[in-house]
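A quick write-up on the structure given underneath.
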Amino acid sequence: MNIKRTKEEIKNAIEAYLKKDEYGAYEIPVIRQRPMLLLGPPGVGKTQIMEQISRECKIGLVAYTITHHTRQSAIGLPFISKKQYGGREYAVTEYTMSEIVASIYEKMEQTGLSEGILFLDEINCVSETLAPAMLQFLQCKSFGTHKIPEGWVIVAAGNPPEYNKSVREFDVVTMDRVKRIDVEADYEVWKEYAYQQGLHGAVISYLNTRKQNFYQMETTVDGRNFATPRGWEDLSELIEVYEKLGKKPDREVVAQYIQFPKIAKDFANYLELYDKYQTDYQLEEIFQGHLDEILLKKIGHASFDERLSVLGLILSRVNELMKKAVQWEAYMEGLQSCLLEFKELTQCSLEDSVGQLLPDSRMGDSNGQQLPDSRMENSNGQQLFSGIYKKLNIDYINMKKAELLSREEDKQYQRILHTLERFGQTLKLEGIQERQRSFVRVKELFALENEAYERQQNQSSEALEYAFDFLEGAFGTGQEMVMFITELNSNYYSVKFLEGSGCERYYQYNQELFFDEKRRKLLERLS
């Protein structure tokens, strides 16, 4: 099962486990809520999907690598207590709360989330002394005498024996109490994730041409060589920052992430060519609408690898601009909702506006302190706008504390808050306090943001048209055009952008691709 399907299966199971009946009891009794056991090669994204599921389901996440624990930290430390049995007092051994169970309660206190995921990685690599405790945990959902709180779903992960010498096989009794999911590396599925995360174009372009190098593992006399999705993603992050610093990663740097010498050397060479083609084919000129006939003929007669590398450069630039356009759209939607709220507040009564900004007068700041009640002041336009900023800021702080924001969502929140703060400062500097005038001024400031948004949309649309001009001039309607359309359809941001754009050539080529694919499948069935 690929990682995308695995994520869907886990989300479906969590939804089923946490569904309650009309009396507030779980539809599936806790004893029947099987822990999920993910078994798959290292580096395919098992840990990352837990973070994504936690955010998407708005539930907590406590993650542990179980190999870092001893028996004492897992089940607690022993202490002597007194008990009465049959009228006589005895000294008995009890245990302090497990560090793992305690961390769940700590997470519940910190975030206010009563339901969540307990994720234990490398569960089948525990030490011999901890193995019985792990079996008890999977079978009884408890560490020692301390049970996992209701509403917390258990997910564990491990590697098959061929990837880890420390693996301990679970017996049939244990395996019969878990929901086993075998995870496999799948490049096409990972590519969707890579586009959404904005991985470097050179990494995606290289793996498009050498998919067999996406995940490789082999044992040699010198040890184990491997290349994993995790390694490619981490290397991509480094390349992005190196470019900002004006540095170039060489073969030795690549080998620190892609620990498979042959693949590391191959990618390092590809990276040099990737940078060279960017200059040779005058990428900046292409995206200004200037096409050189000599260069078009040159790329048309180039090797297949060179053509794909240039196609990767074109895609990288187009995707980057489309991503910015989609991010701008999300930013403008968030800003617009604040503007509409401000409009509503400026038009309603003082008491109503205060009630909306301070519902039940209980809204507090990030430290739990009650905000000053606006009813004690003149609720002018500046104060109402400040209230909107504070309300959004509290939402942001609470979401961040609960770890429910992705990196992209976090940046979006910060961007909106920064703009609202700037709008508020403008009202203050210009001395505008009257409600209606405040709204008119904020609306003017919003219009300036909207103009910048329109410019970004136009720039992205123009870039796509210039890309089509270049591809048609260089390759016509050949396989490179098919690959270009296919890659656009694989990218979350380009699909989202194209849903609202009017690019006729995209729709034309996409429709032709759809019919060609349908015809090919029909012929395969008939043959």
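To be explicit about the labels: the chains of the structure tokens are called A, B, and onward in the order shown, and within each one the residues are counted from 1, while ligands get numbers from 1 in the order they are shown.
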(request) List the neighbours of A:Pro42 out to 12 Å using only C-alpha atoms; skip same-chain residues closer than 3 positions along the sequence, and give me the result as a VMD selection string. (result) chain A and resid 38 to 39 45 to 48 121 to 122 157 to 164 183 to 185 215 to 217 226 to 231
(request) Mind checking which residues fall within 10 Å of stretch 484-493 of chain A, counting only C-alpha atoms, ignoring those fewer than 3 positions away in the same chain, and posting them as a PyMOL selection string? (result) chain A and resi 188-189+191-198+208+308+311-312+314-315+318-327+467-468+471+479-481+496-499+506-507+509-510+513
Output file for the residues above (N, CA and C atoms, as a short mmCIF file (atom, residue, chain, number, x, y, z; two decimals), in the first residue's frame):
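Once written, out.cif looks like this:
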```cif
data_model
loop_
_atom_site.label_atom_id
_atom_site.label_comp_id
_atom_site.auth_asym_id
_atom_site.auth_seq_id
_atom_site.Cartn_x
_atom_site.Cartn_y
_atom_site.Cartn_z
N GLU A 188 5.26 8.05 -7.76
CA GLU A 188 4.19 8.90 -8.30
C GLU A 188 3.38 9.53 -7.18
N VAL A 189 3.13 8.78 -6.12
CA VAL A 189 2.40 9.32 -4.97
C VAL A 189 3.26 10.34 -4.24
N LYS A 191 5.56 12.14 -5.49
CA LYS A 191 5.74 13.33 -6.33
C LYS A 191 4.65 14.37 -6.05
N GLU A 192 3.41 13.91 -5.84
CA GLU A 192 2.33 14.83 -5.49
C GLU A 192 2.67 15.59 -4.22
N TYR A 193 3.18 14.85 -3.24
CA TYR A 193 3.60 15.47 -1.97
C TYR A 193 4.75 16.44 -2.21
N ALA A 194 5.71 16.02 -3.04
CA ALA A 194 6.89 16.85 -3.31
C ALA A 194 6.50 18.18 -3.94
N TYR A 195 5.57 18.15 -4.89
CA TYR A 195 5.10 19.39 -5.50
C TYR A 195 4.42 20.28 -4.46
N GLN A 196 3.59 19.68 -3.61
CA GLN A 196 2.86 20.47 -2.62
C GLN A 196 3.81 21.10 -1.60
N GLN A 197 4.90 20.38 -1.28
CA GLN A 197 5.87 20.90 -0.32
C GLN A 197 6.86 21.86 -0.98
N GLY A 198 6.81 21.95 -2.30
CA GLY A 198 7.70 22.87 -3.01
C GLY A 198 9.14 22.39 -3.06
N ASN A 208 12.20 12.23 -12.08
CA ASN A 208 11.30 11.93 -13.21
C ASN A 208 12.01 11.12 -14.29
N LEU A 308 14.56 16.70 -21.19
CA LEU A 308 13.80 16.55 -19.95
C LEU A 308 14.30 17.50 -18.87
N LEU A 311 12.86 20.83 -19.72
CA LEU A 311 11.44 20.77 -19.37
C LEU A 311 11.25 20.92 -17.87
N GLY A 312 12.15 20.29 -17.09
CA GLY A 312 12.09 20.42 -15.63
C GLY A 312 12.30 21.85 -15.18
N ILE A 314 11.58 24.58 -16.95
CA ILE A 314 10.36 25.30 -17.32
C ILE A 314 9.26 25.03 -16.30
N LEU A 315 9.08 23.76 -15.97
CA LEU A 315 8.04 23.37 -15.00
C LEU A 315 8.30 24.00 -13.64
N VAL A 318 7.27 27.70 -13.75
CA VAL A 318 5.81 27.84 -13.84
C VAL A 318 5.15 27.44 -12.52
N ASN A 319 5.58 26.32 -11.95
CA ASN A 319 4.99 25.85 -10.70
C ASN A 319 5.24 26.82 -9.55
N GLU A 320 6.42 27.40 -9.54
CA GLU A 320 6.76 28.38 -8.49
C GLU A 320 5.81 29.58 -8.54
N LEU A 321 5.56 30.09 -9.75
CA LEU A 321 4.67 31.24 -9.90
C LEU A 321 3.22 30.88 -9.59
N MET A 322 2.80 29.68 -10.00
CA MET A 322 1.44 29.24 -9.69
C MET A 322 1.24 29.07 -8.19
N LYS A 323 2.26 28.54 -7.52
CA LYS A 323 2.18 28.38 -6.07
C LYS A 323 2.01 29.73 -5.40
N LYS A 324 2.78 30.72 -5.85
CA LYS A 324 2.65 32.07 -5.29
C LYS A 324 1.25 32.62 -5.51
N ALA A 325 0.69 32.37 -6.70
CA ALA A 325 -0.65 32.85 -7.01
C ALA A 325 -1.69 32.22 -6.09
N VAL A 326 -1.57 30.92 -5.86
CA VAL A 326 -2.52 30.22 -4.97
C VAL A 326 -2.36 30.70 -3.54
N GLN A 327 -1.12 30.93 -3.11
CA GLN A 327 -0.88 31.45 -1.76
C GLN A 327 -1.45 32.85 -1.61
N ALA A 467 5.50 29.53 -21.47
CA ALA A 467 5.98 28.14 -21.43
C ALA A 467 5.41 27.34 -22.60
N PHE A 468 4.13 27.54 -22.88
CA PHE A 468 3.51 26.85 -24.02
C PHE A 468 4.15 27.32 -25.34
N LEU A 471 7.51 25.48 -25.60
CA LEU A 471 7.37 24.03 -25.81
C LEU A 471 6.84 23.73 -27.22
N GLN A 479 6.13 14.20 -27.09
CA GLN A 479 6.02 13.61 -25.75
C GLN A 479 6.38 14.60 -24.65
N GLU A 480 7.20 15.61 -24.98
CA GLU A 480 7.55 16.62 -23.98
C GLU A 480 6.32 17.42 -23.56
N MET A 481 5.43 17.72 -24.53
CA MET A 481 4.19 18.42 -24.20
C MET A 481 3.29 17.55 -23.33
N LYS A 496 -4.90 23.73 -8.70
CA LYS A 496 -5.75 24.73 -8.04
C LYS A 496 -5.77 26.04 -8.82
N PHE A 497 -4.60 26.42 -9.35
CA PHE A 497 -4.53 27.66 -10.14
C PHE A 497 -5.30 27.52 -11.44
N LEU A 498 -5.11 26.39 -12.12
CA LEU A 498 -5.73 26.19 -13.43
C LEU A 498 -7.25 26.04 -13.35
N GLU A 499 -7.76 25.66 -12.17
CA GLU A 499 -9.22 25.57 -12.00
C GLU A 499 -9.88 26.92 -12.24
N TYR A 506 -3.94 24.96 -22.26
CA TYR A 506 -3.90 23.88 -21.26
C TYR A 506 -5.10 22.97 -21.42
N TYR A 507 -6.29 23.56 -21.51
CA TYR A 507 -7.51 22.75 -21.62
C TYR A 507 -7.51 21.93 -22.91
N TYR A 509 -4.79 20.81 -24.69
CA TYR A 509 -3.84 19.69 -24.60
C TYR A 509 -4.28 18.67 -23.55
N ASN A 510 -4.87 19.14 -22.49
CA ASN A 510 -5.32 18.23 -21.43
C ASN A 510 -6.44 17.32 -21.94
N LEU A 513 -4.93 14.76 -24.21
CA LEU A 513 -4.24 13.75 -23.41
C LEU A 513 -5.23 12.78 -22.80
#
```
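If only C-alpha atoms are the atoms counted, then among A:Ala463, A:Arg88, A:Thr67, A:Gly60 the closest residue to A:Leu118 is A:Gly60.
Reported to one decimal place, the separation of atom CA of A:His200 from atom CA of A:Ile239 is 7.3 Å.
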(request) Enumerate the residues of stretch 58-108 of chain A with a DSSP assignment of strand (DSSP E or B), computed from the backbone, and present them as a list of chain:residue names. (result) A:Gly60, A:Leu61, A:Val62, A:Ala63, A:Tyr64, A:Thr65, A:Pro78, A:Phe79, A:Ile80, A:Ser81, A:Lys82, A:Lys83, A:Gln84, A:Tyr85, A:Arg88, A:Glu89, A:Tyr90, A:Ala91, A:Val92, A:Thr93, A:Glu94, A:Tyr95
Now that the selection is made, can you save its residues with N, CA and C atoms as a compact mmCIF listing (two decimals), in the first residue's frame?
```txt
# COMPACT_ATOMS: atom_id res chain seq x y z
N GLY A 60 -4.87 15.74 18.83
CA GLY A 60 -3.52 15.83 19.33
C GLY A 60 -2.62 14.73 18.77
N LEU A 61 -1.32 14.92 18.97
CA LEU A 61 -0.34 13.92 18.55
C LEU A 61 0.78 13.86 19.57
N VAL A 62 1.02 12.67 20.09
CA VAL A 62 2.18 12.41 20.95
C VAL A 62 3.00 11.34 20.25
N ALA A 63 4.23 11.67 19.89
CA ALA A 63 5.07 10.74 19.12
C ALA A 63 6.33 10.39 19.90
N TYR A 64 6.66 9.12 19.89
CA TYR A 64 7.86 8.63 20.56
C TYR A 64 8.58 7.64 19.66
N THR A 65 9.91 7.68 19.73
CA THR A 65 10.71 6.60 19.15
C THR A 65 11.02 5.66 20.30
N PRO A 78 9.30 1.78 40.26
CA PRO A 78 8.61 1.12 41.38
C PRO A 78 8.74 1.93 42.67
N PHE A 79 7.71 1.84 43.50
CA PHE A 79 7.78 2.40 44.85
C PHE A 79 6.94 1.52 45.78
N ILE A 80 7.21 1.59 47.07
CA ILE A 80 6.53 0.77 48.06
C ILE A 80 5.35 1.54 48.64
N SER A 81 4.20 0.91 48.67
CA SER A 81 3.03 1.51 49.31
C SER A 81 2.41 0.49 50.27
N LYS A 82 1.51 0.96 51.14
CA LYS A 82 0.85 0.11 52.13
C LYS A 82 -0.57 -0.22 51.68
N LYS A 83 -0.96 -1.48 51.81
CA LYS A 83 -2.31 -1.92 51.46
C LYS A 83 -2.88 -2.79 52.58
N GLN A 84 -4.20 -2.73 52.74
CA GLN A 84 -4.89 -3.57 53.72
C GLN A 84 -5.54 -4.76 53.01
N TYR A 85 -5.21 -5.98 53.41
CA TYR A 85 -5.81 -7.19 52.87
C TYR A 85 -6.22 -8.10 54.03
N ARG A 88 -5.17 -7.08 57.49
CA ARG A 88 -3.74 -6.94 57.78
C ARG A 88 -3.09 -5.99 56.76
N GLU A 89 -2.07 -5.28 57.19
CA GLU A 89 -1.37 -4.33 56.32
C GLU A 89 -0.16 -5.00 55.68
N TYR A 90 -0.03 -4.76 54.37
CA TYR A 90 1.10 -5.32 53.63
C TYR A 90 1.82 -4.21 52.86
N ALA A 91 3.11 -4.42 52.66
CA ALA A 91 3.90 -3.54 51.79
C ALA A 91 3.84 -4.12 50.38
N VAL A 92 3.38 -3.31 49.42
CA VAL A 92 3.25 -3.79 48.05
C VAL A 92 4.00 -2.86 47.09
N THR A 93 4.35 -3.41 45.94
CA THR A 93 5.06 -2.63 44.92
C THR A 93 4.06 -2.02 43.95
N GLU A 94 4.17 -0.70 43.77
CA GLU A 94 3.38 -0.01 42.74
C GLU A 94 4.35 0.74 41.83
N TYR A 95 3.80 1.32 40.76
CA TYR A 95 4.64 2.02 39.80
C TYR A 95 4.15 3.45 39.58
```
(request) Can you pull out every residue within 12 Å of A:Tyr26, counting only C-alpha atoms, but drop anything in the same chain fewer than 3 positions away, and send it as a ChimeraX atom specification? (result) /A:14-23,29-33,150-152
I need the residues from that last selection saved to file as a PDB file, in the first residue's frame (with N, CA and C atoms), if you can.
```pdb
ATOM      1  N   ILE A  14      -9.442   6.289  12.297  1.00  0.00           N
ATOM      2  CA  ILE A  14      -9.571   7.248  13.399  1.00  0.00           C
ATOM      3  C   ILE A  14     -10.993   7.791  13.460  1.00  0.00           C
ATOM      4  N   GLU A  15     -11.544   8.123  12.294  1.00  0.00           N
ATOM      5  CA  GLU A  15     -12.921   8.623  12.241  1.00  0.00           C
ATOM      6  C   GLU A  15     -13.893   7.586  12.802  1.00  0.00           C
ATOM      7  N   ALA A  16     -13.670   6.319  12.464  1.00  0.00           N
ATOM      8  CA  ALA A  16     -14.544   5.246  12.960  1.00  0.00           C
ATOM      9  C   ALA A  16     -14.357   5.037  14.460  1.00  0.00           C
ATOM     10  N   TYR A  17     -13.103   5.042  14.923  1.00  0.00           N
ATOM     11  CA  TYR A  17     -12.819   4.812  16.340  1.00  0.00           C
ATOM     12  C   TYR A  17     -13.389   5.923  17.232  1.00  0.00           C
ATOM     13  N   LEU A  18     -13.377   7.155  16.721  1.00  0.00           N
ATOM     14  CA  LEU A  18     -13.789   8.297  17.548  1.00  0.00           C
ATOM     15  C   LEU A  18     -15.261   8.660  17.382  1.00  0.00           C
ATOM     16  N   LYS A  19     -15.984   7.936  16.553  1.00  0.00           N
ATOM     17  CA  LYS A  19     -17.417   8.207  16.385  1.00  0.00           C
ATOM     18  C   LYS A  19     -18.176   7.744  17.625  1.00  0.00           C
ATOM     19  N   LYS A  20     -19.068   8.617  18.115  1.00  0.00           N
ATOM     20  CA  LYS A  20     -19.834   8.312  19.329  1.00  0.00           C
ATOM     21  C   LYS A  20     -21.311   8.146  19.005  1.00  0.00           C
ATOM     22  N   ASP A  21     -21.994   7.383  19.863  1.00  0.00           N
ATOM     23  CA  ASP A  21     -23.441   7.218  19.687  1.00  0.00           C
ATOM     24  C   ASP A  21     -24.175   8.352  20.387  1.00  0.00           C
ATOM     25  N   GLU A  22     -25.509   8.262  20.420  1.00  0.00           N
ATOM     26  CA  GLU A  22     -26.310   9.355  20.989  1.00  0.00           C
ATOM     27  C   GLU A  22     -26.105   9.531  22.488  1.00  0.00           C
ATOM     28  N   TYR A  23     -25.487   8.544  23.139  1.00  0.00           N
ATOM     29  CA  TYR A  23     -25.254   8.633  24.584  1.00  0.00           C
ATOM     30  C   TYR A  23     -23.820   9.042  24.920  1.00  0.00           C
ATOM     31  N   PRO A  29     -16.255  -0.149  20.781  1.00  0.00           N
ATOM     32  CA  PRO A  29     -15.699  -0.155  22.140  1.00  0.00           C
ATOM     33  C   PRO A  29     -14.180  -0.068  22.108  1.00  0.00           C
ATOM     34  N   VAL A  30     -13.610   0.572  23.115  1.00  0.00           N
ATOM     35  CA  VAL A  30     -12.163   0.777  23.158  1.00  0.00           C
ATOM     36  C   VAL A  30     -11.409  -0.536  22.999  1.00  0.00           C
ATOM     37  N   ILE A  31     -11.928  -1.604  23.579  1.00  0.00           N
ATOM     38  CA  ILE A  31     -11.246  -2.898  23.507  1.00  0.00           C
ATOM     39  C   ILE A  31     -11.180  -3.428  22.075  1.00  0.00           C
ATOM     40  N   ARG A  32     -12.109  -2.964  21.206  1.00  0.00           N
ATOM     41  CA  ARG A  32     -12.128  -3.402  19.804  1.00  0.00           C
ATOM     42  C   ARG A  32     -11.423  -2.409  18.872  1.00  0.00           C
ATOM     43  N   GLN A  33     -10.908  -1.340  19.427  1.00  0.00           N
ATOM     44  CA  GLN A  33     -10.191  -0.359  18.607  1.00  0.00           C
ATOM     45  C   GLN A  33      -8.739  -0.823  18.449  1.00  0.00           C
ATOM     46  N   GLU A 150      -9.015   7.174  27.074  1.00  0.00           N
ATOM     47  CA  GLU A 150      -9.993   6.949  26.004  1.00  0.00           C
ATOM     48  C   GLU A 150      -9.958   8.119  25.029  1.00  0.00           C
ATOM     49  N   GLY A 151     -10.164   7.814  23.753  1.00  0.00           N
ATOM     50  CA  GLY A 151     -10.128   8.860  22.730  1.00  0.00           C
ATOM     51  C   GLY A 151      -8.769   9.002  22.077  1.00  0.00           C
ATOM     52  N   TRP A 152      -7.792   8.245  22.583  1.00  0.00           N
ATOM     53  CA  TRP A 152      -6.455   8.284  21.982  1.00  0.00           C
ATOM     54  C   TRP A 152      -6.213   6.997  21.203  1.00  0.00           C
TER      55      TRP A 152
END
```
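Across the model, the gap from atom CA of A:Arg415 to atom CA of A:Met332 is 10.3 Å.
With atom CA of A:Ser494 on one side and atom CA of A:Glu329 on the other, the separation reads 13.0 Å.
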(message) Just checking: using only C-alpha atoms, which residue out of A:Glu99, A:Asp469, A:Glu233, A:Glu306 ends up closest to A:Gly43?
(response) A:Glu233
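Counting only C-alpha atoms, the residue from A:Ala133, A:Met36, A:Met175, A:Leu392 that sits nearest to A:Ile117 is A:Met36.
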(message) Residues within 12 Å of A:Gln414, please, as a list in words. Count only C-alpha atoms; anything in the same chain fewer than 6 positions from it doesn't count.
(response) Tyr331, Gly334, Leu335, Tyr389, Leu392, Asn393, Ile394, Asp395, Tyr396, Ile397, Lys400, Leu405, Arg407, Glu408, Leu420 and Glu421 of chain A
(request) Determine the nearest neighbour of A:Glu403 from the options A:Ile28, A:Arg34, A:Asn12, A:Ser54, counting only C-alpha atoms. (result) A:Ser54
